[in-house]
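J.: Data: target09.txt, compact mmCIF, C-alpha atoms.
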# COMPACT_ATOMS: atom_id res chain seq x y z
CA MET A 53 190.29 -56.08 51.69
CA ASN A 54 190.44 -52.62 50.21
CA CYS A 55 190.58 -52.00 46.49
CA ILE A 56 190.56 -49.40 43.75
CA ILE A 57 188.99 -49.63 40.30
CA ILE A 58 190.71 -48.27 37.20
CA ASP A 59 188.75 -48.13 33.95
CA ASP A 60 188.21 -45.31 31.46
CA GLU A 61 184.55 -46.34 31.01
CA ALA A 62 182.07 -45.24 33.67
CA ALA A 63 179.78 -48.20 32.88
CA ALA A 64 182.60 -50.67 33.44
CA ARG A 65 183.57 -49.03 36.73
CA ALA A 66 179.94 -49.14 37.89
CA ILE A 67 179.76 -52.87 37.18
CA VAL A 68 182.89 -53.68 39.21
CA GLN A 69 181.67 -51.38 41.98
CA GLN A 70 178.35 -53.25 42.06
CA LEU A 71 180.10 -56.64 42.09
CA CYS A 72 182.27 -55.49 45.01
CA SER A 73 179.21 -54.28 46.91
CA LYS A 74 177.90 -57.85 46.90
CA ILE A 75 180.89 -59.06 48.92
CA PRO A 76 180.97 -57.47 52.41
CA GLU A 77 184.70 -57.78 52.97
CA VAL A 78 185.58 -55.87 49.80
CA ASP A 79 185.78 -52.08 50.23
CA VAL A 80 186.14 -49.86 47.16
CA ILE A 81 188.28 -46.94 48.29
CA GLU A 82 188.46 -45.01 45.01
CA GLU A 83 187.68 -45.21 41.29
CA PHE A 84 189.86 -43.77 38.54
CA ASP A 85 189.25 -43.18 34.84
CA SER A 86 192.98 -42.80 34.22
CA ALA A 87 195.92 -44.94 35.25
CA ILE A 88 198.11 -41.88 35.85
CA ASP A 89 195.78 -40.56 38.57
CA ALA A 90 195.69 -44.02 40.13
CA LEU A 91 199.50 -44.15 40.22
CA LYS A 92 199.62 -40.94 42.24
CA PHE A 93 197.05 -42.38 44.64
CA LEU A 94 198.96 -45.65 45.05
CA ASN A 95 202.12 -43.75 45.97
CA GLN A 96 200.34 -42.48 49.05
CA HIS A 97 197.99 -45.30 50.01
CA GLN A 98 198.27 -48.95 50.80
CA ILE A 99 195.81 -50.95 48.74
CA ASP A 100 195.26 -54.71 48.70
CA VAL A 101 193.93 -55.12 45.19
CA VAL A 102 193.50 -53.13 41.98
CA PHE A 103 190.82 -53.97 39.41
CA LEU A 104 192.50 -52.72 36.29
CA ASP A 105 191.25 -52.39 32.72
CA ILE A 106 193.94 -53.46 30.26
CA HIS A 107 192.80 -51.36 27.35
CA MET A 108 192.95 -47.68 28.17
CA PRO A 109 193.99 -44.89 25.83
CA GLY A 110 197.48 -43.48 26.31
CA PHE A 111 198.62 -45.51 29.29
CA THR A 112 197.55 -49.15 29.17
CA GLY A 113 197.03 -51.54 32.05
CA MET A 114 200.30 -53.29 31.19
CA ASP A 115 202.17 -49.96 31.25
CA PHE A 116 200.62 -49.40 34.66
CA VAL A 117 201.76 -52.76 36.05
CA GLN A 118 205.31 -52.25 34.74
CA THR A 119 205.50 -48.82 36.37
CA LEU A 120 204.64 -50.00 39.89
CA LYS A 121 207.63 -50.77 42.12
CA ASN A 122 205.73 -52.57 44.87
CA PRO A 123 202.48 -53.47 43.16
CA PRO A 124 199.44 -54.61 45.12
CA LYS A 125 197.58 -57.65 43.85
CA ILE A 126 196.15 -56.87 40.44
CA VAL A 127 193.07 -58.25 38.71
CA MET A 128 192.92 -57.39 35.03
CA THR A 129 189.52 -56.67 33.48
CA THR A 130 189.09 -56.68 29.74
CA SER A 131 186.88 -57.42 26.77
CA ASP A 132 189.75 -59.20 25.02
CA THR A 133 191.06 -62.62 25.87
CA ASP A 134 194.18 -62.06 23.77
CA PHE A 135 196.12 -60.43 26.60
CA ALA A 136 195.62 -63.26 29.08
CA ILE A 137 198.92 -65.04 28.52
CA ALA A 138 200.92 -61.81 28.62
CA ALA A 139 199.12 -60.77 31.79
CA TYR A 140 200.18 -63.84 33.73
CA GLU A 141 203.85 -63.04 33.10
CA TYR A 142 203.56 -60.49 35.89
CA GLU A 143 203.68 -61.85 39.42
CA ALA A 144 201.35 -59.15 40.74
CA ILE A 145 198.57 -60.13 38.32
CA ILE A 146 196.59 -62.88 39.96
CA ASP A 147 193.43 -63.01 37.90
CA TYR A 148 191.96 -61.97 34.58
CA LEU A 149 188.26 -61.16 34.28
CA VAL A 150 186.62 -61.05 30.87
CA LYS A 151 183.77 -58.54 30.50
CA PRO A 152 180.89 -58.78 31.05
CA ILE A 153 181.93 -60.15 34.42
CA THR A 154 179.47 -62.54 36.05
CA ILE A 155 178.78 -62.59 39.78
CA GLU A 156 179.94 -66.20 40.06
CA ARG A 157 183.23 -65.49 38.32
CA PHE A 158 183.80 -62.40 40.45
CA GLU A 159 183.28 -64.38 43.66
CA LYS A 160 185.90 -66.88 42.51
CA CYS A 161 188.25 -64.01 41.79
CA VAL A 162 187.83 -62.51 45.28
CA HIS A 163 188.50 -65.94 46.80
CA LYS A 164 191.70 -66.11 44.77
CA VAL A 165 192.75 -62.63 45.90
CA LYS A 166 192.10 -63.51 49.55
CA ASN A 167 194.27 -66.61 49.28
CA ALA A 168 197.05 -64.61 47.66
CA LEU A 169 196.91 -61.95 50.37
CA GLN A 170 196.98 -64.56 53.15
CA GLN A 171 199.94 -66.25 51.51
CA LYS A 172 201.76 -62.90 51.35
CA VAL A 173 201.19 -62.27 55.07
CA SER A 174 202.43 -65.71 56.11
CA GLU A 175 205.50 -65.46 53.86
CA SER A 176 206.34 -62.09 55.36
CA SER A 177 205.89 -63.45 58.87
CA VAL A 178 208.19 -66.43 58.20
CA GLU A 179 210.79 -64.11 56.68
CA ASN A 180 210.82 -61.84 59.72
CA ASN A 181 211.05 -64.70 62.20
CA SER A 182 213.79 -66.57 60.39
CA THR A 183 216.11 -63.60 59.93
CA GLY A 184 215.43 -61.89 63.21
CA ALA A 185 215.26 -58.74 61.13
CA ASN A 186 212.99 -55.78 61.74
CA GLU A 187 213.59 -55.59 65.48
CA ASP A 188 215.72 -52.46 65.38
CA LEU A 189 216.01 -49.41 63.20
CA TYR A 190 219.10 -47.23 62.89
CA ILE A 191 218.59 -43.54 62.27
CA ASN A 192 221.23 -41.05 61.27
CA ILE A 193 221.37 -38.02 63.60
CA ASP A 194 224.32 -35.66 63.15
CA ARG A 195 226.45 -38.40 61.57
CA ARG A 196 225.70 -40.72 64.49
CA LEU A 197 223.71 -43.90 63.93
CA ILE A 198 221.27 -44.31 66.76
CA LYS A 199 219.60 -47.65 67.35
CA LEU A 200 215.88 -47.58 68.05
CA LYS A 201 213.88 -50.59 69.09
CA LEU A 202 210.96 -50.85 66.69
CA SER A 203 208.71 -52.00 69.50
CA GLU A 204 209.36 -48.70 71.30
CA LEU A 205 208.40 -46.46 68.38
CA LEU A 206 205.08 -44.71 68.81
CA VAL A 207 204.44 -42.37 65.90
CA ILE A 208 206.29 -41.16 62.84
CA GLU A 209 205.22 -37.84 61.41
CA ALA A 210 206.18 -36.25 58.08
CA LYS A 211 207.33 -32.64 58.42
CA GLY A 212 208.45 -31.25 55.08
CA ASP A 213 211.84 -32.75 54.16
CA TYR A 214 212.07 -34.37 57.58
CA ILE A 215 210.28 -36.95 59.66
CA GLU A 216 209.79 -36.81 63.39
CA VAL A 217 210.17 -40.16 65.13
CA LYS A 218 208.54 -40.35 68.55
CA THR A 219 209.53 -43.15 70.91
CA GLU A 220 208.43 -43.83 74.46
CA LYS A 221 211.38 -41.76 75.77
CA GLU A 222 212.62 -39.42 73.01
CA GLU A 223 211.79 -37.59 69.83
CA TYR A 224 214.14 -37.58 66.84
CA ARG A 225 214.16 -35.44 63.70
CA VAL A 226 215.52 -37.31 60.67
CA HIS A 227 216.16 -36.06 57.15
CA THR A 228 214.15 -38.59 55.11
CA THR A 229 210.64 -39.21 53.84
CA LEU A 230 207.72 -41.10 55.30
CA LYS A 231 207.69 -43.34 52.24
CA LYS A 232 211.33 -44.40 52.80
CA ILE A 233 210.93 -45.22 56.47
CA LYS A 234 207.68 -47.05 55.76
CA GLU A 235 209.63 -49.52 53.61
CA LYS A 236 211.79 -50.35 56.66
CA LEU A 237 208.91 -50.97 59.04
CA PRO A 238 207.21 -54.35 59.49
CA GLU A 239 203.59 -54.28 58.33
CA HIS A 240 202.32 -56.24 61.31
CA LEU A 241 203.44 -53.45 63.70
CA PHE A 242 203.03 -50.27 61.69
CA LEU A 243 200.26 -48.70 59.69
CA GLN A 244 199.96 -45.44 57.79
CA ILE A 245 196.70 -43.84 58.87
CA HIS A 246 197.18 -40.44 57.27
CA ARG A 247 199.43 -39.07 54.54
CA SER A 248 201.59 -37.51 57.28
CA TYR A 249 201.46 -40.21 59.95
CA ILE A 250 202.56 -43.79 60.48
CA ILE A 251 201.67 -45.32 63.83
CA ASN A 252 202.80 -48.29 65.84
CA PHE A 253 199.58 -50.23 65.70
CA THR A 254 200.21 -51.95 69.04
CA LYS A 255 200.47 -48.64 70.92
CA ILE A 256 196.95 -47.42 70.25
CA ILE A 257 195.15 -46.43 73.46
CA ASP A 258 191.82 -45.57 71.92
CA ILE A 259 190.16 -44.55 68.68
CA GLU A 260 187.61 -41.83 68.20
CA ASP A 261 185.78 -41.02 64.97
CA ASN A 262 188.66 -39.50 63.06
CA SER A 263 191.66 -39.87 65.35
CA VAL A 264 193.67 -42.34 67.40
CA LEU A 265 195.34 -41.71 70.75
CA ILE A 266 198.88 -43.01 71.21
CA ASP A 267 200.60 -42.01 74.45
CA LYS A 268 199.63 -38.32 74.55
CA ASN A 269 199.51 -37.89 70.78
CA VAL A 270 196.22 -37.47 68.98
CA ILE A 271 196.76 -38.64 65.39
CA PRO A 272 194.25 -37.95 62.60
CA ILE A 273 192.90 -40.81 60.49
CA SER A 274 192.31 -40.01 56.83
CA ARG A 275 189.13 -41.21 55.15
CA SER A 276 191.00 -43.41 52.70
CA ASN A 277 193.16 -45.09 55.39
CA ARG A 278 190.32 -45.71 57.81
CA PRO A 279 189.05 -48.98 56.22
CA GLU A 280 192.49 -50.61 56.54
CA LEU A 281 192.76 -49.51 60.18
CA MET A 282 189.31 -50.90 60.93
CA ARG A 283 190.17 -54.13 59.14
CA ARG A 284 193.23 -54.63 61.35
CA LEU A 285 191.39 -54.05 64.62
CA ASN A 286 190.32 -57.02 66.66
CA LEU A 287 186.78 -55.72 66.96
CA LEU A 288 184.28 -57.27 69.34
CA MET B 124 171.21 -57.12 10.68
CA SER B 125 170.74 -56.57 14.35
CA ILE B 126 169.53 -58.37 17.40
CA GLN B 127 167.34 -56.89 20.06
CA PRO B 128 169.31 -55.65 23.08
CA ASN B 129 168.18 -56.38 26.61
CA ILE B 130 169.20 -55.54 30.17
CA ASP B 131 169.14 -59.09 31.52
CA TYR B 132 172.77 -58.83 32.61
CA ILE B 133 172.10 -55.57 34.47
CA LYS B 134 169.04 -57.05 36.14
CA LYS B 135 171.02 -60.07 37.29
CA LEU B 136 173.79 -57.82 38.60
CA SER B 137 171.26 -55.59 40.38
CA GLY B 138 169.57 -58.38 42.27
CA ASP B 139 166.93 -56.60 44.31
CA ASN B 140 168.72 -53.27 43.98
CA SER B 141 166.60 -51.29 41.50
CA GLU B 142 168.56 -48.19 42.47
CA PHE B 143 171.67 -49.67 40.83
CA GLU B 144 169.66 -50.65 37.75
CA GLN B 145 168.40 -47.08 37.30
CA LYS B 146 171.82 -45.58 38.00
CA PHE B 147 173.43 -47.89 35.49
CA ILE B 148 170.89 -47.12 32.77
CA LEU B 149 171.59 -43.43 33.33
CA ILE B 150 175.32 -44.06 32.90
CA LEU B 151 174.61 -45.91 29.63
CA LYS B 152 172.35 -43.12 28.43
CA GLU B 153 175.11 -40.59 29.09
CA GLU B 154 178.12 -42.56 27.96
CA PHE B 155 176.76 -44.29 24.85
CA PRO B 156 175.72 -41.17 22.84
CA GLU B 157 179.06 -39.49 23.62
CA GLU B 158 181.04 -42.50 22.47
CA SER B 159 178.85 -42.95 19.36
CA GLN B 160 179.33 -39.32 18.39
CA ASP B 161 183.09 -39.49 18.99
CA TYR B 162 183.22 -42.60 16.80
CA LYS B 163 181.32 -40.86 13.98
CA ASN B 164 183.59 -37.81 14.24
CA TYR B 165 186.74 -39.90 13.96
CA ILE B 166 185.32 -41.79 10.97
CA ALA B 167 184.40 -38.47 9.28
CA ARG B 168 187.98 -37.27 9.81
CA LYS B 169 189.36 -40.68 8.71
CA GLU B 170 191.18 -41.04 12.03
CA LEU B 171 190.75 -44.79 12.02
CA LYS B 172 193.00 -45.71 14.96
CA MET B 173 191.03 -43.36 17.19
CA ALA B 174 187.79 -44.75 15.72
CA ALA B 175 189.04 -48.24 16.68
CA GLU B 176 189.46 -47.04 20.28
CA LEU B 177 185.81 -46.02 20.30
CA VAL B 178 184.71 -49.32 18.75
CA HIS B 179 186.56 -51.01 21.60
CA LYS B 180 184.49 -49.08 24.14
CA LEU B 181 181.22 -49.49 22.26
CA LYS B 182 181.64 -53.23 21.88
CA HIS B 183 181.65 -53.46 25.66
CA LYS B 184 178.21 -51.82 25.65
CA PHE B 185 177.03 -54.43 23.11
CA ASN B 186 178.27 -57.07 25.52
CA ILE B 187 176.46 -55.54 28.49
CA LEU B 188 173.25 -55.43 26.44
CA SER B 189 173.63 -59.11 25.45
CA MET B 190 174.16 -58.24 21.75
CA THR B 191 176.42 -61.19 21.01
CA ASP B 192 176.40 -60.82 17.21
CA ALA B 193 177.10 -57.11 17.38
CA TYR B 194 179.95 -57.76 19.80
CA THR B 195 181.50 -60.38 17.52
CA TYR B 196 181.17 -58.01 14.57
CA ALA B 197 182.77 -55.14 16.56
CA VAL B 198 185.74 -57.30 17.58
CA ALA B 199 186.54 -57.94 13.90
CA TYR B 200 185.74 -54.37 12.85
CA GLU B 201 188.11 -52.94 15.47
CA GLU B 202 190.93 -54.95 13.89
CA GLU B 203 189.91 -53.80 10.39
CA LEU B 204 190.04 -50.16 11.47
CA LEU B 205 193.51 -50.68 12.90
CA ALA B 206 194.45 -52.04 9.46
CA ASP B 207 193.06 -48.84 7.83
CA ASP B 208 189.89 -50.52 6.56
CA MET B 209 186.64 -48.72 7.36
CA SER B 210 184.39 -50.68 5.02
CA GLY B 211 182.49 -52.15 7.98
CA ASN B 212 181.23 -48.74 9.05
CA ALA B 213 177.67 -48.99 7.65
CA ILE B 214 176.83 -52.19 9.52
CA PHE B 215 178.44 -50.88 12.67
CA LEU B 216 176.26 -47.76 12.43
CA ASP B 217 173.20 -50.03 12.26
CA PHE B 218 174.21 -51.58 15.56
CA LEU B 219 174.69 -48.15 17.08
CA ASP B 220 171.19 -47.15 15.95
CA THR B 221 169.74 -50.30 17.48
CA VAL B 222 171.30 -49.47 20.84
CA LYS B 223 170.27 -45.82 20.60
CA ASN B 224 166.65 -46.74 19.90
CA TYR B 225 166.65 -49.29 22.69
CA LEU B 226 168.08 -46.86 25.25
CA ASN B 227 165.31 -44.41 24.32
CA THR B 228 162.75 -46.98 25.43
CA LEU B 229 164.30 -47.36 28.91
I'd like the structure from this file rewritten - as structure tokens, please.
T.:
Amino acid sequence: MNCIIIDDEAAARAIVQQLCSKIPEVDVIEEFDSAIDALKFLNQHQIDVVFLDIHMPGFTGMDFVQTLKNPPKIVMTTSDTDFAIAAYEYEAIIDYLVKPITIERFEKCVHKVKNALQQKVSESSVENNSTGANEDLYINIDRRLIKLKLSELLVIEAKGDYIEVKTEKEEYRVHTTLKKIKEKLPEHLFLQIHRSYIINFTKIIDIEDNSVLIDKNVIPISRSNRPELMRRLNLL
Amino acid sequence: MSIQPNIDYIKKLSGDNSEFEQKFILILKEEFPEESQDYKNYIARKELKMAAELVHKLKHKFNILSMTDAYTYAVAYEEELLADDMSGNAIFLDFLDTVKNYLNTL
């Protein structure tokens, strides 16, 4: 599970970082001393969990949670217990750690996050199966709606105000953003591996250090997206 | 009115990783004096809401250094500052001195 840490105090960030390092499956992707910087990052990256300090000057943890449209799982960290009840009013907030955080309490928290993430995946899978949705995608080309089979998509690349959709047979140029099309793609098939590329995960031929090969396309993997890609691989 | 700080919590968190312990002490040595000075500046300028923000940060350091009494005092003092009452400043400064002296020994 990949995570980011948001806290205006370096000492507090170092503690959470150290706690995460004790649990092999938790990868800290970035740390932020301001919630605003973290928001920008979250707009471009898929993160499983955010360790978030409630009390930050200017833009509080609660402001942060309210601002997110599709929030990842959030664990609040704080010195105050007063906010606990308010925190649980938000669905995205799944735990509340009071500083100084003990190792035992942190392990319980990670267990809770894992359960919540597994639940999310199974709910999403049930939803897709029951509706039969997410099998096709319609794109608008010259006022014509063209049906694409999601299973035939290979790579989607951002190119300025457009995206380029590559299938096994054709390439299409569509006036939209990578972020918008990402919302329409099922997570179990597609993965953003770079700020300009989403790939069909099932079409990977091979992976080198910093790139994947899909059909004849060599697609770069960004440093921040690499842990999620590696997590999804069925590695021997 | 002060209790002796310690780094038991940091040691427990470090496990066998003395590198983390040293790195963390360095962070404390950098961050604590800055926050203390900011606090004193805000008090001197009677900017009590900003001073309360700094008390909030400093109380976390008390917590990390196992200074339970100082932490409890800071929790109440933060509220007093938000209510425009800075009468607790002298005792709070004593706690800051205790931490400063302790960090100098590390």
J.: Given the choices A:Leu265, A:Ala144, A:Ala87, A:Ile153, which gets closest to chain B if the distance is worked out from only C-alpha atoms?
T.: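 Of all the options, A:Ile153 lies closest to chain B.
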J.: Suppose you want the space between atom CA of B:Phe147 and atom CA of A:Thr112; what is it in Å?
T.: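 Atom-to-atom, atom CA of B:Phe147 to atom CA of A:Thr112, that is 25.0 Å.
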J.: Which one is closest to chain A: B:Asp131, B:Ser141, B:His183, B:Ala174? Count only C-alpha atoms.
T.: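 Distance minimum relative to chain A lands on B:His183.
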J.: Using only C-alpha atoms, find which residues of chain A lie within 8 Å of chain B and jot them down as a VMD selection string.
T.: chain A and resid 61 to 63 66 to 67 70 to 71 109 131 151 to 152 154 to 155
J.: When you draw a straight line from atom CA of A:Asp267 to atom CA of A:Lys201, how long is it in Å?
T.: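 Distance reported for this atom pair: 16.7 Å.
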J.: Can you measure atom CA of B:Phe215 to atom CA of A:His107 for me? One decimal in Å is fine.
T.: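 Going from atom CA of B:Phe215 over to atom CA of A:His107 covers 20.5 Å.
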J.: Find the spatial neighbours of B:Thr228, counting all atoms listed in the file, within a cut-off of 12 Å - ignore same-chain residues fewer than 2 positions away - and output them as a count of residues only.
T.: 11
J.: Would you pick out the contacts of A:Lys231 at 10 Å or less, using all atoms listed in the file, so that residues sharing its chain but fewer than 3 positions from it are not included, and give the list as a list of chain:residue names?
T.: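 Close residues of A:Lys231: A:Asn95, A:Gln96, A:Ala210, A:Thr228, A:Lys234, A:Glu235, A:Lys236, A:Gln244, A:Arg247, A:Ser248, A:Ile250.
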J.: Write the residues of the selection above to a file with C-alpha atoms, as a compact mmCIF listing (two decimals), in the frame of the given file.
T.:
# COMPACT_ATOMS: atom_id res chain seq x y z
CA ASN A 95 202.12 -43.75 45.97
CA GLN A 96 200.34 -42.48 49.05
CA ALA A 210 206.18 -36.25 58.08
CA THR A 228 214.15 -38.59 55.11
CA LYS A 234 207.68 -47.05 55.76
CA GLU A 235 209.63 -49.52 53.61
CA LYS A 236 211.79 -50.35 56.66
CA GLN A 244 199.96 -45.44 57.79
CA ARG A 247 199.43 -39.07 54.54
CA SER A 248 201.59 -37.51 57.28
CA ILE A 250 202.56 -43.79 60.48
J.: Given all atoms listed in the file as the basis, pick out the residue of B:Thr191, B:Ser159, B:Gln127, B:Asn164 nearest to B:Leu216.
T.: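 For B:Leu216, the nearest of the candidates is B:Ser159.
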J.: Show me, as JSON, the centre and edge lengths in Å to one decimal of the axis-aligned box that covers every listed atom of stretch 103-113 of chain A with 3 Å on each side.
T.:
{"center_x": 194.7, "center_y": -48.7, "center_z": 32.6, "size_x": 13.8, "size_y": 16.5, "size_z": 19.6}
J.: Which polymer residues have any atom within 7 Å of an atom of A:Ile273, counting all atoms listed in the file, with same-chain residues fewer than 2 positions away left out, as a ChimeraX atom specification?
T.: /A:245-246,262-263,271,275,277-278
J.: Taking all atoms listed in the file into account, which of A:Thr229, A:Ser274, A:Asn167, A:Thr130 comes nearest A:Ile146?
T.: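 Of the candidates, the smallest distance to A:Ile146 is held by A:Asn167.
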J.: Write out as a list in words which residues come within 12 Å of A:Tyr142 when counting all atoms listed in the file, dropping same-chain ones fewer than 5 positions away.
T.: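 Surrounding residues, per the criterion: Gly113, Met114, Asp115, Phe116, Val117, Gln118, Thr119, Leu120, Pro123, Pro124, Lys125, Ile126, Val127, Met128, Phe135, Ala136, Ile137, Asp147 and Tyr148 of chain A.
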